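Enquirer: Take a look at structure36.csv, CSV, C-alpha atoms (C1' of nucleotides):
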```
chain,number,residue,atom,x,y,z
A,1,MET,CA,8.6,-12.4,-20.7
A,2,LYS,CA,8.3,-13.8,-17.2
A,3,PRO,CA,8.2,-12.2,-13.8
A,4,LEU,CA,11.8,-13.1,-13.0
A,5,LYS,CA,13.1,-11.4,-16.2
A,6,LEU,CA,11.0,-8.3,-15.3
A,7,PHE,CA,12.5,-8.3,-11.9
A,8,ASN,CA,16.0,-8.4,-13.3
A,9,LEU,CA,15.3,-5.6,-15.8
A,10,LEU,CA,13.9,-3.4,-13.1
A,11,LEU,CA,16.7,-4.0,-10.7
A,12,ASN,CA,19.2,-3.2,-13.4
A,13,ALA,CA,17.3,0.0,-14.3
A,14,PHE,CA,16.6,1.3,-10.9
A,15,GLY,CA,18.9,-0.4,-8.4
A,16,GLU,CA,18.0,-1.5,-4.9
A,17,GLN,CA,15.2,0.6,-3.4
A,18,GLY,CA,15.8,0.3,0.4
A,19,TRP,CA,12.3,-0.5,1.3
A,20,TRP,CA,10.3,-0.1,3.5
A,21,PRO,CA,11.2,3.5,4.4
A,22,VAL,CA,11.3,4.0,8.2
A,23,THR,CA,12.4,6.6,10.6
A,24,GLU,CA,15.9,6.2,12.2
A,25,PRO,CA,16.0,6.5,16.0
A,26,ASN,CA,17.5,10.0,15.9
A,27,ALA,CA,15.5,11.3,12.9
A,28,VAL,CA,11.9,12.5,12.4
A,29,LYS,CA,11.1,11.4,8.9
A,30,PRO,CA,11.3,8.0,7.2
A,31,SER,CA,14.2,7.3,4.9
A,32,TYR,CA,14.9,4.6,2.3
A,33,LYS,CA,18.0,2.6,3.3
A,34,LYS,CA,19.3,-0.9,3.4
A,35,ARG,CA,19.0,-2.1,7.0
A,36,ALA,CA,20.1,-5.2,8.8
A,37,GLY,CA,16.9,-5.4,10.8
A,38,LEU,CA,14.2,-3.2,12.3
A,39,THR,CA,13.7,-2.0,15.9
A,40,LYS,CA,10.4,-2.7,17.6
A,41,ARG,CA,9.4,0.9,16.9
A,42,GLN,CA,10.3,0.7,13.3
A,43,LYS,CA,8.2,-2.5,12.9
A,44,PHE,CA,5.3,-0.7,14.3
A,45,GLU,CA,6.0,2.2,12.0
A,46,VAL,CA,5.8,-0.1,9.0
A,47,CYS,CA,2.3,-1.2,10.1
A,48,ILE,CA,1.1,2.3,10.7
A,49,GLY,CA,2.6,3.4,7.3
A,50,ALA,CA,0.9,0.5,5.6
A,51,ILE,CA,-2.5,1.6,6.9
A,52,LEU,CA,-1.8,5.3,6.2
A,53,ALA,CA,-0.6,4.6,2.6
A,54,GLN,CA,-4.0,3.1,1.6
A,55,ASN,CA,-4.9,4.8,-1.7
A,56,THR,CA,-2.7,7.8,-0.9
A,57,SER,CA,0.6,9.2,-2.1
A,58,TRP,CA,3.6,8.4,0.0
A,59,LYS,CA,4.5,12.1,0.3
A,60,ASN,CA,1.2,12.7,2.2
A,61,VAL,CA,1.9,9.7,4.4
A,62,GLU,CA,5.4,10.9,5.3
A,63,LYS,CA,4.0,14.1,6.7
A,64,ALA,CA,1.6,12.2,8.8
A,65,ILE,CA,4.4,9.9,10.1
A,66,GLU,CA,6.5,12.9,10.8
A,67,ASN,CA,3.7,14.3,13.0
A,68,LEU,CA,3.3,11.1,14.8
A,69,SER,CA,7.0,10.9,15.3
A,70,ARG,CA,7.3,14.4,16.8
A,71,ASN,CA,4.4,13.6,19.1
A,72,GLY,CA,5.9,10.4,20.4
A,73,LEU,CA,3.1,8.4,18.8
A,74,LEU,CA,5.1,5.7,17.1
A,75,SER,CA,4.3,3.0,19.7
A,76,VAL,CA,1.5,0.7,20.4
A,77,LYS,CA,0.8,2.2,23.8
A,78,ALA,CA,0.9,5.8,22.7
A,79,ILE,CA,-1.5,5.2,19.8
A,80,ASN,CA,-3.7,3.1,22.1
A,81,SER,CA,-4.1,5.9,24.6
A,82,CYS,CA,-4.2,8.8,22.2
A,83,SER,CA,-7.7,10.1,21.5
A,84,GLN,CA,-9.0,9.3,18.0
A,85,LYS,CA,-9.7,13.0,17.5
A,86,LYS,CA,-6.1,14.0,18.2
A,87,LEU,CA,-4.8,11.2,16.0
A,88,ALA,CA,-7.1,12.3,13.1
A,89,LEU,CA,-5.7,15.8,13.3
A,90,LEU,CA,-2.1,14.6,13.2
A,91,ILE,CA,-2.6,12.2,10.2
A,92,ARG,CA,-4.7,14.6,8.3
A,93,SER,CA,-2.4,14.9,5.4
A,94,SER,CA,-2.7,11.2,4.6
A,95,GLY,CA,-6.4,11.5,3.6
A,96,TYR,CA,-9.4,9.5,4.9
A,97,PHE,CA,-8.1,10.6,8.3
A,98,ASN,CA,-11.3,9.8,10.1
A,99,GLN,CA,-11.3,6.2,8.9
A,100,LYS,CA,-7.6,5.8,9.2
A,101,SER,CA,-7.4,7.1,12.8
A,102,VAL,CA,-10.0,4.5,13.8
A,103,ARG,CA,-8.0,1.8,12.0
A,104,LEU,CA,-4.8,2.8,13.7
A,105,LYS,CA,-6.5,2.7,17.1
A,106,ARG,CA,-8.1,-0.6,16.4
A,107,PHE,CA,-4.8,-2.1,15.3
A,108,ALA,CA,-3.0,-0.9,18.5
A,109,ALA,CA,-5.9,-2.0,20.7
A,110,HIS,CA,-5.7,-5.4,19.2
A,111,ILE,CA,-2.0,-5.7,20.1
A,112,VAL,CA,-2.6,-4.5,23.6
A,113,SER,CA,-5.4,-6.9,24.3
A,114,CYS,CA,-4.1,-10.0,22.5
A,115,TYR,CA,-0.3,-9.6,23.0
A,116,ASN,CA,0.0,-7.4,26.0
A,117,GLY,CA,1.2,-4.6,23.8
A,118,SER,CA,4.0,-6.5,22.2
A,119,ILE,CA,4.1,-6.2,18.4
A,120,GLU,CA,7.0,-8.5,18.2
A,121,LYS,CA,5.0,-11.2,19.8
A,122,MET,CA,2.2,-10.8,17.2
A,123,LEU,CA,4.6,-10.6,14.2
A,124,SER,CA,6.4,-13.8,15.3
A,125,LYS,CA,3.3,-15.9,14.7
A,126,PRO,CA,3.2,-18.3,11.7
A,127,VAL,CA,2.5,-16.5,8.5
A,128,GLU,CA,-0.9,-18.1,7.6
A,129,LYS,CA,-2.3,-17.5,11.1
A,130,LEU,CA,-1.0,-14.0,11.2
A,131,ARG,CA,-2.4,-13.1,7.8
A,132,GLU,CA,-5.9,-14.3,8.8
A,133,GLU,CA,-5.7,-12.4,12.0
A,134,LEU,CA,-4.7,-9.2,10.2
A,135,LEU,CA,-7.4,-9.6,7.7
A,136,SER,CA,-9.9,-10.0,10.5
A,137,LEU,CA,-9.1,-6.5,11.7
A,138,HIS,CA,-11.4,-3.8,10.3
A,139,GLY,CA,-9.6,-1.7,7.8
A,140,ILE,CA,-6.9,-4.1,7.0
A,141,GLY,CA,-7.3,-5.8,3.6
A,142,PRO,CA,-5.0,-8.0,1.6
A,143,GLU,CA,-2.5,-5.4,0.5
A,144,THR,CA,-2.1,-3.9,3.9
A,145,ALA,CA,-1.9,-7.3,5.6
A,146,ASP,CA,0.7,-8.5,3.1
A,147,SER,CA,2.8,-5.3,3.4
A,148,ILE,CA,2.9,-5.9,7.2
A,149,LEU,CA,3.8,-9.6,6.7
A,150,LEU,CA,6.6,-8.8,4.3
A,151,TYR,CA,8.0,-5.5,5.5
A,152,ALA,CA,7.4,-5.7,9.3
A,153,ALA,CA,7.3,-9.5,9.9
A,154,PHE,CA,9.8,-10.5,7.1
A,155,LYS,CA,7.6,-13.3,5.9
A,156,PRO,CA,7.9,-14.3,2.2
A,157,VAL,CA,4.6,-12.9,0.9
A,158,PHE,CA,4.4,-11.0,-2.4
A,159,VAL,CA,2.6,-7.7,-2.0
A,160,VAL,CA,0.1,-6.8,-4.8
A,161,ASP,CA,-1.0,-3.2,-5.3
A,162,ALA,CA,-2.6,-1.1,-8.0
A,163,TYR,CA,0.8,-0.7,-9.7
A,164,THR,CA,1.4,-4.4,-9.7
A,165,LYS,CA,-1.9,-5.0,-11.4
A,166,ARG,CA,-1.5,-2.3,-14.0
A,167,ILE,CA,2.1,-3.2,-14.8
A,168,ALA,CA,1.3,-6.9,-15.1
A,169,GLU,CA,-1.6,-6.4,-17.4
A,170,ARG,CA,0.4,-4.2,-19.7
A,171,VAL,CA,3.7,-6.0,-19.7
A,172,PHE,CA,2.3,-9.5,-19.8
A,173,ALA,CA,-0.9,-8.7,-21.8
A,174,LYS,CA,-2.9,-10.8,-19.3
A,175,LYS,CA,-6.1,-10.1,-17.5
A,176,PHE,CA,-6.1,-10.7,-13.7
A,177,HIS,CA,-9.3,-10.9,-11.9
A,178,SER,CA,-8.3,-11.1,-8.3
A,179,TYR,CA,-5.6,-10.2,-5.8
A,180,ALA,CA,-4.9,-13.9,-5.2
A,181,GLU,CA,-4.5,-14.6,-8.9
A,182,LEU,CA,-2.0,-11.8,-9.3
A,183,GLN,CA,-0.1,-12.8,-6.2
A,184,ALA,CA,0.1,-16.4,-7.3
A,185,PHE,CA,1.3,-15.4,-10.7
A,186,PHE,CA,4.3,-13.5,-9.3
A,187,GLU,CA,5.0,-15.9,-6.4
A,188,SER,CA,5.3,-18.9,-8.8
A,189,GLY,CA,7.7,-17.1,-11.1
A,190,ILE,CA,10.4,-15.9,-8.7
A,191,PRO,CA,12.5,-17.3,-5.8
A,192,LYS,CA,10.5,-17.5,-2.6
A,193,SER,CA,12.6,-15.2,-0.5
A,194,VAL,CA,11.9,-12.1,1.6
A,195,ALA,CA,14.7,-10.2,-0.1
A,196,CYS,CA,13.3,-10.8,-3.6
A,197,TYR,CA,9.7,-10.1,-2.7
A,198,ASN,CA,10.8,-6.9,-0.9
A,199,GLU,CA,12.8,-5.6,-3.8
A,200,PHE,CA,10.4,-6.6,-6.5
A,201,HIS,CA,7.4,-4.8,-5.0
A,202,ALA,CA,9.5,-1.7,-4.4
A,203,LEU,CA,10.7,-1.8,-8.0
A,204,LEU,CA,7.2,-2.1,-9.3
A,205,VAL,CA,6.2,0.9,-7.4
A,206,GLU,CA,9.1,2.9,-8.8
A,207,LEU,CA,8.2,1.9,-12.3
A,208,GLY,CA,4.5,2.6,-11.7
A,209,LYS,CA,5.1,6.0,-10.2
A,210,ASN,CA,7.5,7.2,-12.8
A,211,TYR,CA,6.7,5.4,-16.1
A,212,CYS,CA,3.8,3.0,-16.0
A,213,SER,CA,1.3,5.5,-14.7
A,214,LYS,CA,-2.3,5.7,-15.8
A,215,ASN,CA,-1.1,7.7,-18.7
A,216,PRO,CA,2.1,5.9,-19.3
A,217,LYS,CA,5.4,7.4,-20.5
A,218,CYS,CA,6.3,4.4,-22.7
A,219,SER,CA,8.8,6.1,-24.9
A,220,GLU,CA,11.0,6.8,-21.8
A,221,CYS,CA,10.3,3.6,-20.0
A,222,PRO,CA,13.4,1.5,-19.3
A,223,ILE,CA,11.7,-1.7,-20.1
A,224,ASN,CA,9.6,-0.8,-23.1
A,225,LYS,CA,11.5,-3.1,-25.4
A,226,ASN,CA,10.1,-6.0,-23.3
A,227,CYS,CA,6.6,-4.7,-22.9
A,228,TYR,CA,3.6,-6.0,-24.8
A,229,TYR,CA,1.6,-2.8,-24.3
A,230,TYR,CA,4.3,-0.7,-25.9
A,231,LYS,CA,4.8,-3.0,-28.8
A,232,GLN,CA,1.1,-3.5,-29.5
B,1,DT,C1',-10.0,22.6,-13.0
B,2,DA,C1',-9.9,17.9,-12.9
B,3,DC,C1',-7.4,13.8,-12.0
B,4,DC,C1',-4.4,10.9,-9.4
B,5,DA,C1',-2.2,8.5,-5.5
B,6,DG,C1',1.8,2.2,-2.5
B,7,DG,C1',-7.2,0.4,-0.5
B,8,DT,C1',-11.0,-1.1,2.1
B,9,DC,C1',-15.7,-1.5,3.2
B,10,DC,C1',-20.5,-1.4,2.1
B,11,DT,C1',-24.5,-1.9,-0.8
B,12,DC,C1',-26.9,-3.4,-4.6
B,13,DG,C1',-28.0,-6.3,-8.7
C,1,DC,C1',-19.5,-12.9,-7.4
C,2,DG,C1',-18.6,-7.5,-9.6
C,3,DA,C1',-19.6,-3.0,-10.1
C,4,DG,C1',-20.1,1.4,-8.0
C,5,DG,C1',-19.8,4.7,-4.3
C,6,DA,C1',-17.8,6.8,0.0
C,7,DC,C1',-13.9,8.1,2.3
C,8,DA,C1',-10.2,13.2,1.8
C,9,DT,C1',-5.6,15.3,1.4
C,10,DG,C1',-2.0,17.5,-1.5
C,11,DG,C1',0.5,17.7,-5.9
C,12,DT,C1',0.4,18.6,-11.0
```
Let's see the structure in the file written out as structure tokens.
Expert:
Amino acid sequence: MKPLKLFNLLLNAFGEQGWWPVTEPNAVKPSYKKRAGLTKRQKFEVCIGAILAQNTSWKNVEKAIENLSRNGLLSVKAINSCSQKKLALLIRSSGYFNQKSVRLKRFAAHIVSCYNGSIEKMLSKPVEKLREELLSLHGIGPETADSILLYAAFKPVFVVDAYTKRIAERVFAKKFHSYAELQAFFESGIPKSVACYNEFHALLVELGKNYCSKNPKCSECPINKNCYYYKQ
DNA sequence: TACCAGGTCCTCG
DNA sequence: CGAGGACATGGT
């Protein structure tokens, strides 16, 4: 099996996922939904969410975002002027709150100092430059950077996470040694489009959460017929 | 109770 | 390089 086939199987099994979940202007919590585009606030929310979601369940991130939302903190300026202590308190549920509160503030401070506070200006940079810039920020690694590139800046960059690695190693019976290797494997097998990368990553998360977990539920898995691990 | 979750950084061989 | 530990909450 190839990545494109996996994509089609998953899409068929789960349908479109409506990623990345963001908060509507009149709402307080993020929702999955197909959208035409994102507001400036929603783009910033994606970035915040990507940092908060590091090695943490999305449920816990949702609560943190809800707190930020209620306190008017879903903006570059607000995060930049909020104290790190207060921020840590609000994002407590997302875990690693001390580190993450610092990361959020560094991210916001960077946008203030380099782009006069305009996240749109930053996100409109060419993809390679922007990726390097994001990676240079402390606390933003490859997955967080790529999530921002794909889901906030709409650049065609395939996002790799722990699910992607686990699923790929099981389904394709291959060993991947680096983030870049995994990313190249998927990017070379599917159309280079934002829509496709968006959906594929979301579908992999869905599969990873519900079936291809550490202790997999292979017998109920919708793609087990095509999985090397299940057949073994 | 222990393990896991949409990682990243640091340190040590 | 790569392995191993620290960071931390909430759900099962």
Enquirer: For chain A against chain B, which residues fall within 6 Å using all atoms listed in the file, given as a PyMOL selection string?
Expert: chain A and resi 54-57+139
Enquirer: With C-alpha atoms retained, export the selected residues as a short mmCIF file (atom, residue, chain, number, x, y, z; two decimals), in the coordinates of the input.
Expert:
```
data_model
loop_
_atom_site.label_atom_id
_atom_site.label_comp_id
_atom_site.auth_asym_id
_atom_site.auth_seq_id
_atom_site.Cartn_x
_atom_site.Cartn_y
_atom_site.Cartn_z
CA GLN A 54 -4.00 3.10 1.60
CA ASN A 55 -4.90 4.80 -1.70
CA THR A 56 -2.70 7.80 -0.90
CA SER A 57 0.60 9.20 -2.10
CA GLY A 139 -9.60 -1.70 7.80
#
```
Enquirer: Give me, as a JSON list (two decimals) with C-alpha atoms (C1' of nucleotides), in the coordinates of the input, the contact residues of chain C against chain A at a cut-off of 8 Å, counting all atoms listed in the file.
Expert:
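Wrote it out as out-v1.json, contents follow:
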```json
[["chain", "number", "residue", "atom", "x", "y", "z"],
["C", 7, "DC", "C1'", -13.90, 8.10, 2.30],
["C", 8, "DA", "C1'", -10.20, 13.20, 1.80],
["C", 9, "DT", "C1'", -5.60, 15.30, 1.40],
["C", 10, "DG", "C1'", -2.00, 17.50, -1.50]]
```
Enquirer: If we count all atoms listed in the file, what is near A:Leu134 at a cut-off of 10 Å, once residues fewer than 5 positions away on the same chain are taken out, given as a PDB file with C-alpha atoms, in the coordinates of the input?
Expert:
```pdb
ATOM      1  CA  PHE A 107      -4.800  -2.100  15.300  1.00  0.00           C
ATOM      2  CA  HIS A 110      -5.700  -5.400  19.200  1.00  0.00           C
ATOM      3  CA  MET A 122       2.200 -10.800  17.200  1.00  0.00           C
ATOM      4  CA  LYS A 129      -2.300 -17.500  11.100  1.00  0.00           C
ATOM      5  CA  GLY A 139      -9.600  -1.700   7.800  1.00  0.00           C
ATOM      6  CA  ILE A 140      -6.900  -4.100   7.000  1.00  0.00           C
ATOM      7  CA  GLY A 141      -7.300  -5.800   3.600  1.00  0.00           C
ATOM      8  CA  PRO A 142      -5.000  -8.000   1.600  1.00  0.00           C
ATOM      9  CA  THR A 144      -2.100  -3.900   3.900  1.00  0.00           C
ATOM     10  CA  ALA A 145      -1.900  -7.300   5.600  1.00  0.00           C
ATOM     11  CA  ASP A 146       0.700  -8.500   3.100  1.00  0.00           C
ATOM     12  CA  ILE A 148       2.900  -5.900   7.200  1.00  0.00           C
ATOM     13  CA  LEU A 149       3.800  -9.600   6.700  1.00  0.00           C
TER      14      LEU A 149
END
```
Enquirer: What gap, in Å, lies between atom CA of A:Leu68 and atom CA of A:Trp20?
Expert: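 These two atoms are separated by 17.4 Å.
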Enquirer: Between atom CA of A:Ala173 and atom CA of A:Tyr228, what distance in Å does the model show, to one decimal?
Expert: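 One can read the atom CA of A:Ala173 to atom CA of A:Tyr228 distance as 6.0 Å.
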Enquirer: Atom CA of A:Ala195 and atom CA of A:Leu150 are how many Å apart?
Expert: 9.3 Å
Enquirer: What would stretch 119-130 of chain A look like with all heavy atoms in place, written as a PDB file, in the frame of the given file?
Expert:
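Output file rebuild_9.pdb is given in full below:
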```pdb
ATOM      1  N   ILE A 119       4.234  -5.920  19.841  1.00  0.00           N
ATOM      2  CA  ILE A 119       4.100  -6.200  18.400  1.00  0.00           C
ATOM      3  C   ILE A 119       4.947  -7.297  17.927  1.00  0.00           C
ATOM      4  O   ILE A 119       4.589  -8.046  17.023  1.00  0.00           O
ATOM      5  CB  ILE A 119       4.339  -4.868  17.592  1.00  0.00           C
ATOM      6  CG1 ILE A 119       3.961  -5.116  16.129  1.00  0.00           C
ATOM      7  CG2 ILE A 119       5.788  -4.447  17.720  1.00  0.00           C
ATOM      8  CD1 ILE A 119       3.809  -3.907  15.306  1.00  0.00           C
ATOM      9  N   GLU A 120       6.093  -7.429  18.568  1.00  0.00           N
ATOM     10  CA  GLU A 120       7.000  -8.500  18.200  1.00  0.00           C
ATOM     11  C   GLU A 120       6.373  -9.873  18.375  1.00  0.00           C
ATOM     12  O   GLU A 120       6.546 -10.767  17.563  1.00  0.00           O
ATOM     13  CB  GLU A 120       8.293  -8.422  19.003  1.00  0.00           C
ATOM     14  CG  GLU A 120       8.831  -7.018  19.095  1.00  0.00           C
ATOM     15  CD  GLU A 120      10.189  -6.852  18.466  1.00  0.00           C
ATOM     16  OE1 GLU A 120      10.347  -7.202  17.280  1.00  0.00           O
ATOM     17  OE2 GLU A 120      11.088  -6.380  19.183  1.00  0.00           O
ATOM     18  N   LYS A 121       5.640  -9.979  19.464  1.00  0.00           N
ATOM     19  CA  LYS A 121       5.000 -11.200  19.800  1.00  0.00           C
ATOM     20  C   LYS A 121       3.960 -11.553  18.656  1.00  0.00           C
ATOM     21  O   LYS A 121       3.879 -12.676  18.172  1.00  0.00           O
ATOM     22  CB  LYS A 121       4.258 -11.137  21.112  1.00  0.00           C
ATOM     23  CG  LYS A 121       3.925 -12.488  21.716  1.00  0.00           C
ATOM     24  CD  LYS A 121       3.092 -12.328  22.979  1.00  0.00           C
ATOM     25  CE  LYS A 121       3.899 -12.517  24.251  1.00  0.00           C
ATOM     26  NZ  LYS A 121       3.029 -12.396  25.445  1.00  0.00           N
ATOM     27  N   MET A 122       3.224 -10.546  18.252  1.00  0.00           N
ATOM     28  CA  MET A 122       2.200 -10.800  17.200  1.00  0.00           C
ATOM     29  C   MET A 122       2.943 -11.147  15.879  1.00  0.00           C
ATOM     30  O   MET A 122       2.552 -12.107  15.218  1.00  0.00           O
ATOM     31  CB  MET A 122       1.400  -9.510  16.960  1.00  0.00           C
ATOM     32  CG  MET A 122       0.404  -9.696  15.832  1.00  0.00           C
ATOM     33  SD  MET A 122      -0.714  -8.306  15.597  1.00  0.00           S
ATOM     34  CE  MET A 122       0.283  -7.247  14.598  1.00  0.00           C
ATOM     35  N   LEU A 123       3.981 -10.393  15.532  1.00  0.00           N
ATOM     36  CA  LEU A 123       4.600 -10.600  14.200  1.00  0.00           C
ATOM     37  C   LEU A 123       5.384 -11.942  14.163  1.00  0.00           C
ATOM     38  O   LEU A 123       5.734 -12.400  13.080  1.00  0.00           O
ATOM     39  CB  LEU A 123       5.615  -9.462  13.951  1.00  0.00           C
ATOM     40  CG  LEU A 123       4.976  -8.089  13.770  1.00  0.00           C
ATOM     41  CD1 LEU A 123       6.040  -7.024  13.529  1.00  0.00           C
ATOM     42  CD2 LEU A 123       3.962  -8.091  12.621  1.00  0.00           C
ATOM     43  N   SER A 124       5.621 -12.561  15.302  1.00  0.00           N
ATOM     44  CA  SER A 124       6.400 -13.800  15.300  1.00  0.00           C
ATOM     45  C   SER A 124       5.453 -15.029  15.066  1.00  0.00           C
ATOM     46  O   SER A 124       5.914 -16.164  14.988  1.00  0.00           O
ATOM     47  CB  SER A 124       7.142 -13.993  16.597  1.00  0.00           C
ATOM     48  OG  SER A 124       6.236 -14.191  17.655  1.00  0.00           O
ATOM     49  N   LYS A 125       4.177 -14.790  14.943  1.00  0.00           N
ATOM     50  CA  LYS A 125       3.300 -15.900  14.700  1.00  0.00           C
ATOM     51  C   LYS A 125       3.493 -16.485  13.277  1.00  0.00           C
ATOM     52  O   LYS A 125       4.034 -15.808  12.409  1.00  0.00           O
ATOM     53  CB  LYS A 125       1.800 -15.406  14.755  1.00  0.00           C
ATOM     54  CG  LYS A 125       1.331 -15.183  16.173  1.00  0.00           C
ATOM     55  CD  LYS A 125      -0.115 -14.787  16.217  1.00  0.00           C
ATOM     56  CE  LYS A 125      -1.038 -15.890  15.764  1.00  0.00           C
ATOM     57  NZ  LYS A 125      -2.453 -15.612  16.122  1.00  0.00           N
ATOM     58  N   PRO A 126       3.077 -17.733  13.066  1.00  0.00           N
ATOM     59  CA  PRO A 126       3.200 -18.300  11.700  1.00  0.00           C
ATOM     60  C   PRO A 126       2.443 -17.500  10.698  1.00  0.00           C
ATOM     61  O   PRO A 126       1.394 -16.931  11.013  1.00  0.00           O
ATOM     62  CB  PRO A 126       2.528 -19.702  11.895  1.00  0.00           C
ATOM     63  CG  PRO A 126       2.509 -19.974  13.351  1.00  0.00           C
ATOM     64  CD  PRO A 126       2.515 -18.660  14.052  1.00  0.00           C
ATOM     65  N   VAL A 127       2.989 -17.444   9.508  1.00  0.00           N
ATOM     66  CA  VAL A 127       2.500 -16.500   8.500  1.00  0.00           C
ATOM     67  C   VAL A 127       1.014 -16.676   8.165  1.00  0.00           C
ATOM     68  O   VAL A 127       0.284 -15.695   8.068  1.00  0.00           O
ATOM     69  CB  VAL A 127       3.367 -16.573   7.216  1.00  0.00           C
ATOM     70  CG1 VAL A 127       3.444 -17.976   6.653  1.00  0.00           C
ATOM     71  CG2 VAL A 127       2.860 -15.612   6.176  1.00  0.00           C
ATOM     72  N   GLU A 128       0.523 -17.894   8.021  1.00  0.00           N
ATOM     73  CA  GLU A 128      -0.900 -18.100   7.600  1.00  0.00           C
ATOM     74  C   GLU A 128      -1.824 -17.570   8.727  1.00  0.00           C
ATOM     75  O   GLU A 128      -2.815 -16.902   8.454  1.00  0.00           O
ATOM     76  CB  GLU A 128      -1.202 -19.542   7.335  1.00  0.00           C
ATOM     77  CG  GLU A 128      -0.411 -20.138   6.170  1.00  0.00           C
ATOM     78  CD  GLU A 128       0.974 -20.634   6.581  1.00  0.00           C
ATOM     79  OE1 GLU A 128       1.298 -20.562   7.798  1.00  0.00           O
ATOM     80  OE2 GLU A 128       1.719 -21.073   5.687  1.00  0.00           O
ATOM     81  N   LYS A 129      -1.480 -17.919   9.959  1.00  0.00           N
ATOM     82  CA  LYS A 129      -2.300 -17.500  11.100  1.00  0.00           C
ATOM     83  C   LYS A 129      -2.297 -15.962  11.194  1.00  0.00           C
ATOM     84  O   LYS A 129      -3.336 -15.342  11.410  1.00  0.00           O
ATOM     85  CB  LYS A 129      -1.743 -18.058  12.400  1.00  0.00           C
ATOM     86  CG  LYS A 129      -1.884 -19.546  12.490  1.00  0.00           C
ATOM     87  CD  LYS A 129      -2.665 -19.929  13.738  1.00  0.00           C
ATOM     88  CE  LYS A 129      -2.890 -21.428  13.751  1.00  0.00           C
ATOM     89  NZ  LYS A 129      -3.976 -21.818  14.638  1.00  0.00           N
ATOM     90  N   LEU A 130      -1.113 -15.414  11.072  1.00  0.00           N
ATOM     91  CA  LEU A 130      -1.000 -14.000  11.200  1.00  0.00           C
ATOM     92  C   LEU A 130      -1.756 -13.241  10.118  1.00  0.00           C
ATOM     93  O   LEU A 130      -2.422 -12.235  10.361  1.00  0.00           O
ATOM     94  CB  LEU A 130       0.495 -13.571  11.192  1.00  0.00           C
ATOM     95  CG  LEU A 130       0.796 -12.087  11.355  1.00  0.00           C
ATOM     96  CD1 LEU A 130       0.134 -11.514  12.599  1.00  0.00           C
ATOM     97  CD2 LEU A 130       2.307 -11.865  11.423  1.00  0.00           C
TER      98      LEU A 130
END
```
